[in-house]
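Single-structure report; data block below.
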Amino acid sequence: DCISSRRIVRLPGMIDVHVHLRDPGQTHKEDFASGSAAALAGGVTMVMAMPNTKPAIIDRDSFQMAKECAARGARCDYALFVGASLDNYRQLAELGPRAAALKMYLNDTFSDLRLDDLTVWSQHMEHWPRHLPLCVHAEGQTMAAAMMVAALANRPIHICHVAKKEEILLIKAAKQRGFPVTCEVSPHHLFLTSSELGRLGAMGQVKPPLMVEDDQRALWDNMAVIDCFATDHAPHTVAEKRSEKPPPGFPGLETMLPLLLTAVNQGRLTLQVTVIVICARQNRQGTIADQPLIVTRGQQNRQGTGADQPLGWSDLEDKLHHNPRRIFKLPEQPNTYIEVDMDETYSIPEAPAHSKAMWTPFAGRAVAGAVKRVVLRGEVAMVDGRVLATPGSGRDVRELQPLLPPPPAVQPETVVMPWTEEREWHVPAAGRT
Ligand code: DOR
Ligand code: ZN
Ligand code: ZN
Ligand code: ZN
């Protein structure tokens, strides 16, 4: 009763370091239960939730409120960002060990948390503990300024949703000089350009905006500079997107992996895989894997630019699992993996099943690659589009493993700039804000 022979690939649970789940406060757009269901359907087993909720997550009370929403609703594992405000830099350090990271909004976007004042930027970058991740929404010249302030504060910085050629090239130059800068790119900037704005109309509004083909090509040409893929899942309803003032943002959790797997099939991205050919059977539970038989272990190579990469290097596992874990210091999820069918072809539906957004900018696009099964901490959390994990079953990974500060430095007044081994800068402690 075999119906087909397919390449089923087992991958680690995907980690999305940038999602907006709208909970608390705008749960008609999304909540932890619906957003984490969308995550599991998309092969994502851990999400990092952004703080631009209502209220925004900027102090102990709002953080506690978000933690309760998440604990009740989440079906996958998670961590919660805290947001930088004009005057909360002193209060945030206390929340640090239990937060995903600090988020700073440095451009205008769907948030009340925009920071313009360089003095405030410096206060946050100096006070947020250096062993904890710090992420910025900073586009174009703002990104250059943010990297400069981080460098002067002698701390690592993570750049959200890089979209432009000038941004990825500046990050590349900074990395070459040893600056501790990392970055993420969102699927919509890899797979859509401003040429689609005619078709998408107001639905196409997103921050950063869709860019021209030259920008998109620069992202693909500099794939090795990209540390993470992250959806920036930003659900808004169809009615909101069609209104007078459409809010920016695209849902992305359910479509990211099919798009990226399609790119693997096209030879544009790499995957380090155990390829299993299985006998697939249809029963009341849908298509189920039967008799796994390991055929080959190897690498699906990216054509052209990937040639200089060492063996074992792989876009998908690196940018959606290993690098997120390293940059955000995330614990392992034991007994957690996903299975994808590399040969299932279909077109992305008008309304993916789980997000409350009920639309996608990728509707109608032909993809090759489907998420079939998700196992999270030993339990089947999703199979063939059906989410089995219940609200509340997701764990806060920062409660499982808080990011406690490292032991104090021997000479706290001496700061070694991380990108130069020989130079030391003596910073008078009292002179710092
Ligand atoms: O398009 C966006 N939507 N960009 C952002 O920075 C925020 C996000 C949202 O929260 O809707
Ligand atoms: Zn809630
Ligand atoms: Zn942003
Ligand atoms: Zn965002």
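So you can find residues: chains in the structure tokens are A, B, ... in the order shown, residues in each start at 1, and ligands are numbered from 1 in order.
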(request) For ligand 4, collect every residue having any atom at a distance of at most 10 Å from a ligand atom (counting only C-alpha atoms and all ligand atoms); output as an MDAnalysis selection string. (result) chainID A and resid 17:20 49:52 103 105 109:111 136:137 160:161 186 206:208 230:234 248:250
Hey, can you spit out that residue selection with N, CA and C atoms as a PDB file, in the first residue's frame?
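Contents of out_7.pdb, as written:
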ATOM      1  N   VAL A  17      14.030  33.973  15.338  1.00  0.00           N
ATOM      2  CA  VAL A  17      14.423  34.948  16.362  1.00  0.00           C
ATOM      3  C   VAL A  17      13.647  36.257  16.258  1.00  0.00           C
ATOM      4  N   HIS A  18      12.648  36.339  15.355  1.00  0.00           N
ATOM      5  CA  HIS A  18      11.948  37.619  15.171  1.00  0.00           C
ATOM      6  C   HIS A  18      10.502  37.397  14.742  1.00  0.00           C
ATOM      7  N   VAL A  19       9.596  37.357  15.730  1.00  0.00           N
ATOM      8  CA  VAL A  19       8.163  37.251  15.424  1.00  0.00           C
ATOM      9  C   VAL A  19       7.375  38.254  16.268  1.00  0.00           C
ATOM     10  N   HIS A  20       6.246  38.684  15.717  1.00  0.00           N
ATOM     11  CA  HIS A  20       5.310  39.545  16.453  1.00  0.00           C
ATOM     12  C   HIS A  20       4.053  38.730  16.692  1.00  0.00           C
ATOM     13  N   ALA A  49       9.617  36.440  20.740  1.00  0.00           N
ATOM     14  CA  ALA A  49       8.484  37.340  20.518  1.00  0.00           C
ATOM     15  C   ALA A  49       8.853  38.791  20.822  1.00  0.00           C
ATOM     16  N   MET A  50       8.512  39.666  19.866  1.00  0.00           N
ATOM     17  CA  MET A  50       8.886  41.087  19.931  1.00  0.00           C
ATOM     18  C   MET A  50       8.038  41.860  20.955  1.00  0.00           C
ATOM     19  N   PRO A  51       8.580  42.976  21.460  1.00  0.00           N
ATOM     20  CA  PRO A  51       7.933  43.672  22.585  1.00  0.00           C
ATOM     21  C   PRO A  51       6.986  44.808  22.174  1.00  0.00           C
ATOM     22  N   ASN A  52       6.708  45.006  20.873  1.00  0.00           N
ATOM     23  CA  ASN A  52       5.847  46.131  20.476  1.00  0.00           C
ATOM     24  C   ASN A  52       4.374  45.740  20.532  1.00  0.00           C
ATOM     25  N   LYS A 103      15.333  44.877  22.472  1.00  0.00           N
ATOM     26  CA  LYS A 103      15.019  45.373  21.132  1.00  0.00           C
ATOM     27  C   LYS A 103      14.959  46.881  21.160  1.00  0.00           C
ATOM     28  N   TYR A 105      14.039  50.121  18.696  1.00  0.00           N
ATOM     29  CA  TYR A 105      13.431  50.584  17.442  1.00  0.00           C
ATOM     30  C   TYR A 105      14.003  51.953  17.100  1.00  0.00           C
ATOM     31  N   THR A 109       8.236  52.769  12.631  1.00  0.00           N
ATOM     32  CA  THR A 109       7.581  51.532  12.207  1.00  0.00           C
ATOM     33  C   THR A 109       6.335  51.317  13.058  1.00  0.00           C
ATOM     34  N   PHE A 110       5.774  50.097  13.034  1.00  0.00           N
ATOM     35  CA  PHE A 110       4.561  49.801  13.794  1.00  0.00           C
ATOM     36  C   PHE A 110       4.935  49.623  15.262  1.00  0.00           C
ATOM     37  N   SER A 111       5.154  50.738  15.956  1.00  0.00           N
ATOM     38  CA  SER A 111       5.608  50.677  17.337  1.00  0.00           C
ATOM     39  C   SER A 111       5.597  52.078  17.934  1.00  0.00           C
ATOM     40  N   VAL A 136      18.556  45.587  16.928  1.00  0.00           N
ATOM     41  CA  VAL A 136      18.043  46.887  16.493  1.00  0.00           C
ATOM     42  C   VAL A 136      17.257  46.778  15.197  1.00  0.00           C
ATOM     43  N   HIS A 137      16.135  47.526  15.155  1.00  0.00           N
ATOM     44  CA  HIS A 137      15.510  47.855  13.873  1.00  0.00           C
ATOM     45  C   HIS A 137      16.160  49.149  13.441  1.00  0.00           C
ATOM     46  N   CYS A 160      18.437  43.578  12.816  1.00  0.00           N
ATOM     47  CA  CYS A 160      17.231  42.889  12.347  1.00  0.00           C
ATOM     48  C   CYS A 160      17.021  43.123  10.849  1.00  0.00           C
ATOM     49  N   HIS A 161      16.342  42.196  10.223  1.00  0.00           N
ATOM     50  CA  HIS A 161      15.837  42.282   8.841  1.00  0.00           C
ATOM     51  C   HIS A 161      16.630  43.199   7.907  1.00  0.00           C
ATOM     52  N   SER A 186      14.928  38.508   6.253  1.00  0.00           N
ATOM     53  CA  SER A 186      13.579  37.944   6.232  1.00  0.00           C
ATOM     54  C   SER A 186      13.245  37.373   4.857  1.00  0.00           C
ATOM     55  N   VAL A 206       5.556  47.113   4.180  1.00  0.00           N
ATOM     56  CA  VAL A 206       6.305  46.413   5.219  1.00  0.00           C
ATOM     57  C   VAL A 206       7.507  47.286   5.558  1.00  0.00           C
ATOM     58  N   LYS A 207       7.995  47.188   6.801  1.00  0.00           N
ATOM     59  CA  LYS A 207       9.182  47.939   7.209  1.00  0.00           C
ATOM     60  C   LYS A 207      10.273  46.956   7.645  1.00  0.00           C
ATOM     61  N   PRO A 208      11.479  47.012   7.076  1.00  0.00           N
ATOM     62  CA  PRO A 208      11.869  47.802   5.920  1.00  0.00           C
ATOM     63  C   PRO A 208      11.042  47.426   4.680  1.00  0.00           C
ATOM     64  N   ALA A 230      15.005  35.041   9.581  1.00  0.00           N
ATOM     65  CA  ALA A 230      13.970  35.283  10.591  1.00  0.00           C
ATOM     66  C   ALA A 230      12.761  35.872   9.880  1.00  0.00           C
ATOM     67  N   THR A 231      11.566  35.407  10.256  1.00  0.00           N
ATOM     68  CA  THR A 231      10.396  35.800   9.462  1.00  0.00           C
ATOM     69  C   THR A 231      10.029  37.264   9.594  1.00  0.00           C
ATOM     70  N   ASP A 232      10.258  37.891  10.757  1.00  0.00           N
ATOM     71  CA  ASP A 232       9.585  39.147  11.088  1.00  0.00           C
ATOM     72  C   ASP A 232       8.069  38.973  10.894  1.00  0.00           C
ATOM     73  N   HIS A 233       7.576  37.797  11.263  1.00  0.00           N
ATOM     74  CA  HIS A 233       6.131  37.503  11.205  1.00  0.00           C
ATOM     75  C   HIS A 233       5.374  38.662  11.863  1.00  0.00           C
ATOM     76  N   ALA A 234       4.668  39.449  11.042  1.00  0.00           N
ATOM     77  CA  ALA A 234       4.002  40.666  11.541  1.00  0.00           C
ATOM     78  C   ALA A 234       2.555  40.670  11.070  1.00  0.00           C
ATOM     79  N   PRO A 248       2.262  48.362   8.507  1.00  0.00           N
ATOM     80  CA  PRO A 248       3.263  47.581   7.779  1.00  0.00           C
ATOM     81  C   PRO A 248       3.434  46.194   8.375  1.00  0.00           C
ATOM     82  N   GLY A 249       3.713  45.221   7.522  1.00  0.00           N
ATOM     83  CA  GLY A 249       4.044  43.891   8.029  1.00  0.00           C
ATOM     84  C   GLY A 249       3.375  42.771   7.262  1.00  0.00           C
ATOM     85  N   PHE A 250       4.097  41.640   7.201  1.00  0.00           N
ATOM     86  CA  PHE A 250       3.609  40.422   6.540  1.00  0.00           C
ATOM     87  C   PHE A 250       3.630  39.272   7.542  1.00  0.00           C
TER      88      PHE A 250
END
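Contact shell of Val374 of chain A at 7 Å (only C-alpha atoms; same-chain neighbours under 4 positions omitted): A:Leu40, A:Gly43, A:Tyr337, A:Ile338, A:Glu339, A:Val380, A:Ala381, A:Met382, A:Val383.
Within segment 323-365 of chain A, DSSP run on the backbone puts these residues in strand (DSSP E or B): Tyr337, Ile338, Glu339, Val340, Asp341, Met342, Asp343, Glu344, Thr345, Tyr346 and Ser347 of chain A.
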List every residue of chain A that has an atom at most 8 Å from any atom of ligand 2, and for each one report the closest atom pair and its distance in Å to one decimal, counting only C-alpha atoms and all ligand atoms, with rows sorted by chain and then by increasing residue number, as JSON lines.
{"residue": "A:Asp23", "atom": "CA", "partner": "ligand 2", "partner_atom_place_in_ligand_line": "1 (Zn)", "distance": 4.7}
{"residue": "A:Pro24", "atom": "CA", "partner": "ligand 2", "partner_atom_place_in_ligand_line": "1 (Zn)", "distance": 4.1}
{"residue": "A:Gly25", "atom": "CA", "partner": "ligand 2", "partner_atom_place_in_ligand_line": "1 (Zn)", "distance": 6.7}
{"residue": "A:Thr27", "atom": "CA", "partner": "ligand 2", "partner_atom_place_in_ligand_line": "1 (Zn)", "distance": 7.0}
{"residue": "A:Asp31", "atom": "CA", "partner": "ligand 2", "partner_atom_place_in_ligand_line": "1 (Zn)", "distance": 6.6}
{"residue": "A:Phe32", "atom": "CA", "partner": "ligand 2", "partner_atom_place_in_ligand_line": "1 (Zn)", "distance": 7.3}
{"residue": "A:Met65", "atom": "CA", "partner": "ligand 2", "partner_atom_place_in_ligand_line": "1 (Zn)", "distance": 7.7}
{"residue": "A:Ala66", "atom": "CA", "partner": "ligand 2", "partner_atom_place_in_ligand_line": "1 (Zn)", "distance": 6.8}
{"residue": "A:Glu68", "atom": "CA", "partner": "ligand 2", "partner_atom_place_in_ligand_line": "1 (Zn)", "distance": 7.4}
{"residue": "A:Cys69", "atom": "CA", "partner": "ligand 2", "partner_atom_place_in_ligand_line": "1 (Zn)", "distance": 4.1}
{"residue": "A:Ala70", "atom": "CA", "partner": "ligand 2", "partner_atom_place_in_ligand_line": "1 (Zn)", "distance": 7.1}
{"residue": "A:Gly73", "atom": "CA", "partner": "ligand 2", "partner_atom_place_in_ligand_line": "1 (Zn)", "distance": 7.7}
Mind writing the picked residues with C-alpha atoms as a PDB file, in the first residue's frame?
ATOM      1  CA  ASP A  23      -0.244  39.245  22.713  1.00  0.00           C
ATOM      2  CA  PRO A  24      -1.106  41.068  24.965  1.00  0.00           C
ATOM      3  CA  GLY A  25      -3.357  43.693  23.456  1.00  0.00           C
ATOM      4  CA  THR A  27      -5.116  39.404  19.867  1.00  0.00           C
ATOM      5  CA  ASP A  31      -2.098  35.522  20.006  1.00  0.00           C
ATOM      6  CA  PHE A  32       0.329  33.048  21.476  1.00  0.00           C
ATOM      7  CA  MET A  65       1.891  40.209  31.789  1.00  0.00           C
ATOM      8  CA  ALA A  66       3.440  38.962  28.537  1.00  0.00           C
ATOM      9  CA  GLU A  68       1.509  35.000  31.600  1.00  0.00           C
ATOM     10  CA  CYS A  69      -0.036  35.316  28.126  1.00  0.00           C
ATOM     11  CA  ALA A  70       2.752  33.186  26.706  1.00  0.00           C
ATOM     12  CA  GLY A  73      -1.068  30.190  25.054  1.00  0.00           C
TER      13      GLY A  73
END
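Summary of the local environment: counting only C-alpha atoms, residues at most 9 Å from His322 of chain A, other than itself and those fewer than 5 positions away along its chain, are Ile15, Cys228, Glu317 and Ile327 of chain A.
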(message) Give me the residues near Pro187 of chain A as a list of chain:residue names, where near means some atom within 8 Å (using only C-alpha atoms) and where sequence neighbours in that chain fewer than 6 positions away do not count.
(response)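 In the requested format, the answer is A:Phe229, A:Ala230, A:Thr231, A:Gly252, A:Met256, A:Leu259, A:Leu260.
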(message) Using only C-alpha atoms and all ligand atoms for the distances, tell me which of A:Pro209, A:Arg199, A:Ala153, A:Tyr89 is nearest to ligand 3.
(response)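 Using only C-alpha atoms and all ligand atoms, ligand 3 sits closest to A:Pro209.
Using only C-alpha atoms and all ligand atoms for every distance, the candidate list A:Ala79, A:Val120, A:Val367, A:Leu21 yields A:Leu21 as the residue closest to ligand 1.
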Please provide the set of residues having any atom within 7 Å of Ala74 of chain A, restricted to only C-alpha atoms, with same-chain residues fewer than 6 positions apart removed, written as a PDB file with C-alpha atoms, in the first residue's frame.
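Contents of the output file selection.pdb:
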ATOM      1  CA  PHE A  32       0.329  33.048  21.476  1.00  0.00           C
ATOM      2  CA  ALA A  33      -1.919  30.071  20.668  1.00  0.00           C
ATOM      3  CA  SER A  36       2.732  29.315  17.861  1.00  0.00           C
ATOM      4  CA  PRO A 391      -1.839  25.964  24.265  1.00  0.00           C
ATOM      5  CA  GLY A 392       0.369  26.147  27.330  1.00  0.00           C
ATOM      6  CA  SER A 393       2.605  23.241  26.315  1.00  0.00           C
ATOM      7  CA  GLY A 394       5.362  25.575  25.056  1.00  0.00           C
TER       8      GLY A 394
END
Residues within 12 Å of Leu118 of chain A, please, as a PDB file with C-alpha atoms, in the first residue's frame. Count only C-alpha atoms; anything in the same chain fewer than 3 positions from it doesn't count.
ATOM      1  CA  LEU A  86      13.170  56.740  26.498  1.00  0.00           C
ATOM      2  CA  MET A 104      15.650  48.962  20.074  1.00  0.00           C
ATOM      3  CA  LEU A 106      15.533  53.260  15.747  1.00  0.00           C
ATOM      4  CA  ARG A 114      10.978  54.652  18.426  1.00  0.00           C
ATOM      5  CA  LEU A 115      14.172  56.167  19.816  1.00  0.00           C
ATOM      6  CA  TRP A 121      20.854  54.881  22.353  1.00  0.00           C
ATOM      7  CA  SER A 122      24.147  55.101  24.252  1.00  0.00           C
ATOM      8  CA  GLN A 123      22.485  54.713  27.641  1.00  0.00           C
ATOM      9  CA  HIS A 124      20.866  51.449  26.508  1.00  0.00           C
ATOM     10  CA  MET A 125      23.941  50.134  24.753  1.00  0.00           C
ATOM     11  CA  THR A 142      20.527  54.491  10.936  1.00  0.00           C
ATOM     12  CA  ALA A 145      24.961  54.906  13.327  1.00  0.00           C
ATOM     13  CA  ALA A 146      23.724  52.070  15.542  1.00  0.00           C
ATOM     14  CA  MET A 148      29.004  52.936  15.645  1.00  0.00           C
ATOM     15  CA  VAL A 149      27.326  53.479  19.018  1.00  0.00           C
ATOM     16  CA  ALA A 150      27.562  49.743  19.753  1.00  0.00           C
TER      17      ALA A 150
END
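Take atom CA of Gly83 of chain A and atom CA of Ile57 of chain A: the distance between them is 5.8 Å.
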(request) Write out as number ranges by chain which residues come within 6 Å of Tyr78 of chain A when counting only C-alpha atoms, dropping same-chain ones fewer than 2 positions away. (result) A: 46-48, 396-397
(request) May I have all residues of segment 17-208 of chain A that DSSP, computed from the backbone, assigns to helix (DSSP H, G or I), given as a ChimeraX atom specification? (result) /A:32-41,60-73,89-98,118-127,141-152,165-176,187-191,194-204
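Distances from A:Asp384, A:Gln401, A:Leu197, A:Ile159 to ligand 3 were compared using only C-alpha atoms and all ligand atoms, and the smallest one belongs to A:Ile159.
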(request) In Å, rounded to a single decimal, give me how far atom CA of Leu271 of chain A is from atom CA of Asp315 of chain A. (result) 6.2 Å
